[in-house]
Amino acid sequence: MPTTFAVLGGGAWGTAIGLLLQQNPDHRVRLWCARSDRARELAECRENVRFLPGVPIPETVTITDNLGAAVAGIDLCVAVVPTVYLRETLKPLGSVLSNSVPILSLAKGVENQTFQRPTEILHQLTGGERLAVLSGPSHAEEVSRGMPTSVVAASADIDLAQWVQERFTTERFRVYTNQDIVGVETAGALKNVIAIAAGISDGLGFGDNAKAALLTRGLVEMARFGVALGGEQTTFYGLAGLGDLMTTCVSPHGRNRRVGLRLAAGEPLDAILKSTEMVAEGVYTTRSVYERTRAMGIEMPIVTEVYRMLYEGKPPKQAVSDLMLRRLVAEGGART
């Protein structure tokens, strides 16, 4: 029997995942777009000309704007809507999707108002208990073109994680499993904040020394915060943490890094956000994490300075100076 997937989200990552899944002849893939005009454009062009130009979408991928039709009789619901829009966009999902259908989240972020992770939002919307997340260093631009990629599928339900692993793995896309869904989702959210800082560093013309220090100490902050939320420290040194952090902080595809580059050039945040259709999750995650760290009493110097640059207009060079001139501590200590 074929396995049927509903991929909810017609952006770059949703399209790339649809293309990945359709490589298996036993898979049936439906790609759902929230906007009718976007669905029509994809169906007519058989190409995501906005986000993945030059990558054809085979006729075997069904494209629709009808959510009920997309999820009818499926084996897995794949949610690829940015966290900032997740609740509003998929609000109707609970009325059309059986709560026995497993849900896989590919979003990376936390909700501002509630600090809920994507799988928590999806559980609240649908009542579903079988939830998993797929994360790691995986730019859509590369996955859609068949470049080798390795990621991790995490779920408290190890059988579900292994089921996802088996069905997503190809000769160019390798999936590992993990049961630390809190750590994997937290790492995926936090790396975007550090990526903004990496873009600022690059934009200011700082060198390899600065980038290496930023990634290393940023990873310390990610792990510190994730463990405080109940995640496992080892998760942050795997694909969802270190792997994704390295990719998003150095790649020209990284949208959060691009935000940092433009901030360093003096562009205001509002102008940056209005000029791009692609969502830089780190901008929204920064606010959520900063507010939560203050409430929990967790020291996150890099996150704090990114917040001040984004939301308080602090000059990037001043933020760097303040980070460098903090109280001196031992590297293995409790403070960054």
# chains A, B, ... in the order shown; residues from 1 in each chain; ligands from 1

$ select_by_dssp --residues "segment 74-246 of chain A" --states "alpha helix (DSSP H)" --output "count of residues only"
82

$ residues_around --residues "His139 of chain A" --least-positions-apart "5" --cutoff "10 Å" --atoms "only C-alpha atoms" --output "VMD selection string"
chain A and resid 12 to 13 16 144 147 149 244 247 to 248 251 253 to 254

$ residues_around --residues "segment 39-45 of chain A" --least-positions-apart "3" --cutoff "10 Å" --atoms "only C-alpha atoms" --output "list in words"
Gly9, Gly10, Thr15, Leu31, Trp32, Cys33, Ala34, Arg35, Ser36, Asn48, Val49, Arg50, Pro56, Ile57, Pro58, Glu59, Val61, Thr62, Ile63, Thr64, Asp65 and Asn66 of chain A

$ residues_around --residues "segment 219-222 of chain A" --least-positions-apart "6" --cutoff "10 Å" --atoms "only C-alpha atoms" --output "MDAnalysis selection string"
chainID A and resid 183 186:191 193:194 213 233 236:237 241:242 245:246 298:303 331:332 334:336

$ atom_distance --atom1 "atom CA of Val133 of chain A" --atom2 "atom CA of Ala161 of chain A"
8.4 Å

$ residues_around --residues "Gly231 of chain A" --least-positions-apart "4" --cutoff "8 Å" --atoms "only C-alpha atoms" --output "JSON list (two decimals) with C-alpha atoms, in the first residue's frame"
[["chain", "number", "residue", "atom", "x", "y", "z"],
["A", 180, "ASP", "CA", 14.68, 14.56, 23.01],
["A", 181, "ILE", "CA", 11.98, 16.57, 21.25],
["A", 182, "VAL", "CA", 12.41, 19.51, 23.68],
["A", 183, "GLY", "CA", 16.12, 19.78, 23.00],
["A", 184, "VAL", "CA", 15.80, 19.40, 19.23],
["A", 186, "THR", "CA", 14.86, 24.45, 21.29],
["A", 226, "GLY", "CA", 17.73, 24.08, 26.47],
["A", 227, "VAL", "CA", 18.77, 22.07, 29.52],
["A", 235, "THR", "CA", 21.37, 17.10, 21.76]]

$ residues_around --residues "Val250 of chain A" --least-positions-apart "4" --cutoff "12 Å" --atoms "only C-alpha atoms" --output "VMD selection string"
chain A and resid 137 139 191 to 192 194 to 202 208 211 to 212 214 to 215 243 to 246 254 to 258 260 to 261

$ write_last_selection --atoms "N, CA and C atoms" --output "PDB file, in the first residue's frame"
ATOM      1  N   PRO A 137      20.842  20.659   9.867  1.00  0.00           N
ATOM      2  CA  PRO A 137      21.363  21.535   8.811  1.00  0.00           C
ATOM      3  C   PRO A 137      20.796  21.136   7.451  1.00  0.00           C
ATOM      4  N   HIS A 139      19.253  23.279   4.287  1.00  0.00           N
ATOM      5  CA  HIS A 139      18.726  24.357   3.460  1.00  0.00           C
ATOM      6  C   HIS A 139      17.894  23.779   2.322  1.00  0.00           C
ATOM      7  N   LYS A 191      19.315  28.561  17.338  1.00  0.00           N
ATOM      8  CA  LYS A 191      20.406  28.757  16.366  1.00  0.00           C
ATOM      9  C   LYS A 191      20.104  29.933  15.442  1.00  0.00           C
ATOM     10  N   ASN A 192      18.836  30.236  15.239  1.00  0.00           N
ATOM     11  CA  ASN A 192      18.479  31.368  14.383  1.00  0.00           C
ATOM     12  C   ASN A 192      18.838  32.705  15.020  1.00  0.00           C
ATOM     13  N   ILE A 194      21.434  33.140  17.097  1.00  0.00           N
ATOM     14  CA  ILE A 194      22.889  33.247  16.969  1.00  0.00           C
ATOM     15  C   ILE A 194      23.263  33.587  15.524  1.00  0.00           C
ATOM     16  N   ALA A 195      22.469  33.108  14.567  1.00  0.00           N
ATOM     17  CA  ALA A 195      22.753  33.401  13.155  1.00  0.00           C
ATOM     18  C   ALA A 195      22.621  34.886  12.849  1.00  0.00           C
ATOM     19  N   ILE A 196      21.692  35.569  13.504  1.00  0.00           N
ATOM     20  CA  ILE A 196      21.588  37.018  13.327  1.00  0.00           C
ATOM     21  C   ILE A 196      22.874  37.684  13.807  1.00  0.00           C
ATOM     22  N   ALA A 197      23.356  37.236  14.968  1.00  0.00           N
ATOM     23  CA  ALA A 197      24.617  37.776  15.492  1.00  0.00           C
ATOM     24  C   ALA A 197      25.768  37.480  14.536  1.00  0.00           C
ATOM     25  N   ALA A 198      25.760  36.294  13.907  1.00  0.00           N
ATOM     26  CA  ALA A 198      26.829  35.939  12.969  1.00  0.00           C
ATOM     27  C   ALA A 198      26.793  36.849  11.750  1.00  0.00           C
ATOM     28  N   GLY A 199      25.592  37.171  11.278  1.00  0.00           N
ATOM     29  CA  GLY A 199      25.477  38.090  10.146  1.00  0.00           C
ATOM     30  C   GLY A 199      25.984  39.475  10.493  1.00  0.00           C
ATOM     31  N   ILE A 200      25.700  39.919  11.703  1.00  0.00           N
ATOM     32  CA  ILE A 200      26.187  41.223  12.156  1.00  0.00           C
ATOM     33  C   ILE A 200      27.713  41.226  12.205  1.00  0.00           C
ATOM     34  N   SER A 201      28.281  40.141  12.726  1.00  0.00           N
ATOM     35  CA  SER A 201      29.740  40.017  12.787  1.00  0.00           C
ATOM     36  C   SER A 201      30.354  40.091  11.394  1.00  0.00           C
ATOM     37  N   ASP A 202      29.761  39.349  10.453  1.00  0.00           N
ATOM     38  CA  ASP A 202      30.273  39.377   9.081  1.00  0.00           C
ATOM     39  C   ASP A 202      30.085  40.753   8.454  1.00  0.00           C
ATOM     40  N   ASP A 208      37.571  35.441  11.133  1.00  0.00           N
ATOM     41  CA  ASP A 208      37.311  34.062  11.550  1.00  0.00           C
ATOM     42  C   ASP A 208      37.377  33.900  13.060  1.00  0.00           C
ATOM     43  N   LYS A 211      34.033  34.891  14.455  1.00  0.00           N
ATOM     44  CA  LYS A 211      32.976  33.936  14.101  1.00  0.00           C
ATOM     45  C   LYS A 211      33.115  32.656  14.917  1.00  0.00           C
ATOM     46  N   ALA A 212      34.342  32.169  15.082  1.00  0.00           N
ATOM     47  CA  ALA A 212      34.553  30.952  15.856  1.00  0.00           C
ATOM     48  C   ALA A 212      34.130  31.145  17.308  1.00  0.00           C
ATOM     49  N   LEU A 214      31.986  33.351  18.448  1.00  0.00           N
ATOM     50  CA  LEU A 214      30.538  33.548  18.497  1.00  0.00           C
ATOM     51  C   LEU A 214      29.797  32.216  18.443  1.00  0.00           C
ATOM     52  N   LEU A 215      30.192  31.337  17.527  1.00  0.00           N
ATOM     53  CA  LEU A 215      29.519  30.050  17.410  1.00  0.00           C
ATOM     54  C   LEU A 215      29.746  29.188  18.649  1.00  0.00           C
ATOM     55  N   GLY A 243      25.319  21.201  14.367  1.00  0.00           N
ATOM     56  CA  GLY A 243      25.250  21.067  12.915  1.00  0.00           C
ATOM     57  C   GLY A 243      24.456  22.182  12.268  1.00  0.00           C
ATOM     58  N   ASP A 244      23.249  22.426  12.779  1.00  0.00           N
ATOM     59  CA  ASP A 244      22.395  23.464  12.206  1.00  0.00           C
ATOM     60  C   ASP A 244      22.970  24.851  12.462  1.00  0.00           C
ATOM     61  N   LEU A 245      23.591  25.040  13.624  1.00  0.00           N
ATOM     62  CA  LEU A 245      24.200  26.330  13.953  1.00  0.00           C
ATOM     63  C   LEU A 245      25.299  26.688  12.959  1.00  0.00           C
ATOM     64  N   MET A 246      26.168  25.730  12.661  1.00  0.00           N
ATOM     65  CA  MET A 246      27.272  25.986  11.725  1.00  0.00           C
ATOM     66  C   MET A 246      26.734  26.377  10.351  1.00  0.00           C
ATOM     67  N   GLY A 254      21.296  31.381   4.464  1.00  0.00           N
ATOM     68  CA  GLY A 254      20.710  31.636   5.778  1.00  0.00           C
ATOM     69  C   GLY A 254      19.990  32.973   5.843  1.00  0.00           C
ATOM     70  N   ARG A 255      18.677  32.936   5.981  1.00  0.00           N
ATOM     71  CA  ARG A 255      17.909  34.191   5.985  1.00  0.00           C
ATOM     72  C   ARG A 255      18.137  34.986   7.265  1.00  0.00           C
ATOM     73  N   ASN A 256      18.379  34.318   8.403  1.00  0.00           N
ATOM     74  CA  ASN A 256      18.639  35.035   9.650  1.00  0.00           C
ATOM     75  C   ASN A 256      20.008  35.717   9.600  1.00  0.00           C
ATOM     76  N   ARG A 257      20.974  35.037   9.024  1.00  0.00           N
ATOM     77  CA  ARG A 257      22.292  35.662   8.838  1.00  0.00           C
ATOM     78  C   ARG A 257      22.167  36.888   7.951  1.00  0.00           C
ATOM     79  N   ARG A 258      21.319  36.818   6.916  1.00  0.00           N
ATOM     80  CA  ARG A 258      21.140  37.967   6.026  1.00  0.00           C
ATOM     81  C   ARG A 258      20.535  39.156   6.759  1.00  0.00           C
ATOM     82  N   GLY A 260      21.124  39.864   9.853  1.00  0.00           N
ATOM     83  CA  GLY A 260      22.260  40.437  10.576  1.00  0.00           C
ATOM     84  C   GLY A 260      23.160  41.269   9.683  1.00  0.00           C
ATOM     85  N   LEU A 261      23.409  40.784   8.474  1.00  0.00           N
ATOM     86  CA  LEU A 261      24.235  41.536   7.527  1.00  0.00           C
ATOM     87  C   LEU A 261      23.634  42.913   7.242  1.00  0.00           C
TER      88      LEU A 261
END

$ select_by_dssp --residues "segment 172-262 of chain A" --states "strand (DSSP E)" --output "ChimeraX atom specification"
/A:173-178

$ write_last_selection --atoms "N, CA and C atoms" --output "CSV table (one decimal), in the first residue's frame"
chain,number,residue,atom,x,y,z
A,173,PHE,N,19.7,11.8,1.5
A,173,PHE,CA,19.1,12.5,2.7
A,173,PHE,C,19.1,11.4,3.8
A,174,ARG,N,19.9,11.6,4.8
A,174,ARG,CA,20.1,10.6,5.9
A,174,ARG,C,19.4,11.2,7.1
A,175,VAL,N,18.6,10.3,7.8
A,175,VAL,CA,17.9,10.7,9.0
A,175,VAL,C,18.3,9.9,10.2
A,176,TYR,N,18.7,10.6,11.3
A,176,TYR,CA,19.0,9.9,12.6
A,176,TYR,C,17.8,10.1,13.5
A,177,THR,N,17.7,9.3,14.6
A,177,THR,CA,16.6,9.5,15.5
A,177,THR,C,17.1,10.0,16.8
A,178,ASN,N,16.1,10.5,17.6
A,178,ASN,CA,16.4,11.1,18.9
A,178,ASN,C,15.0,11.2,19.6

$ closest_residue --among "A:Thr89, A:Thr83, A:Ser155, A:Gln22" --to "Thr60 of chain A" --atoms "only C-alpha atoms"
A:Gln22

$ residues_around --residues "Val279 of chain A" --least-positions-apart "4" --cutoff "10 Å" --atoms "only C-alpha atoms" --output "list in words"
Gly11, Val81, Pro82, Thr83, Val84, Tyr85, Arg255, Asn256, Leu273, Val283 and Tyr284 of chain A

$ closest_residue --among "A:Leu134, A:Leu8, A:Val151, A:Leu263" --to "Ser105 of chain A" --atoms "only C-alpha atoms"
A:Leu134

$ closest_residue --among "A:Leu20, A:Ala153, A:Val110, A:Leu67" --to "Arg287 of chain A" --atoms "only C-alpha atoms"
A:Val110

$ atom_distance --atom1 "atom CA of Glu141 of chain A" --atom2 "atom CA of Ile272 of chain A"
21.3 Å

$ atom_distance --atom1 "atom CA of Thr285 of chain A" --atom2 "atom CA of Phe115 of chain A"
9.0 Å

$ closest_residue --among "A:His27, A:His123, A:Lys317, A:Arg327" --to "Phe168 of chain A" --atoms "only C-alpha atoms"
A:His27
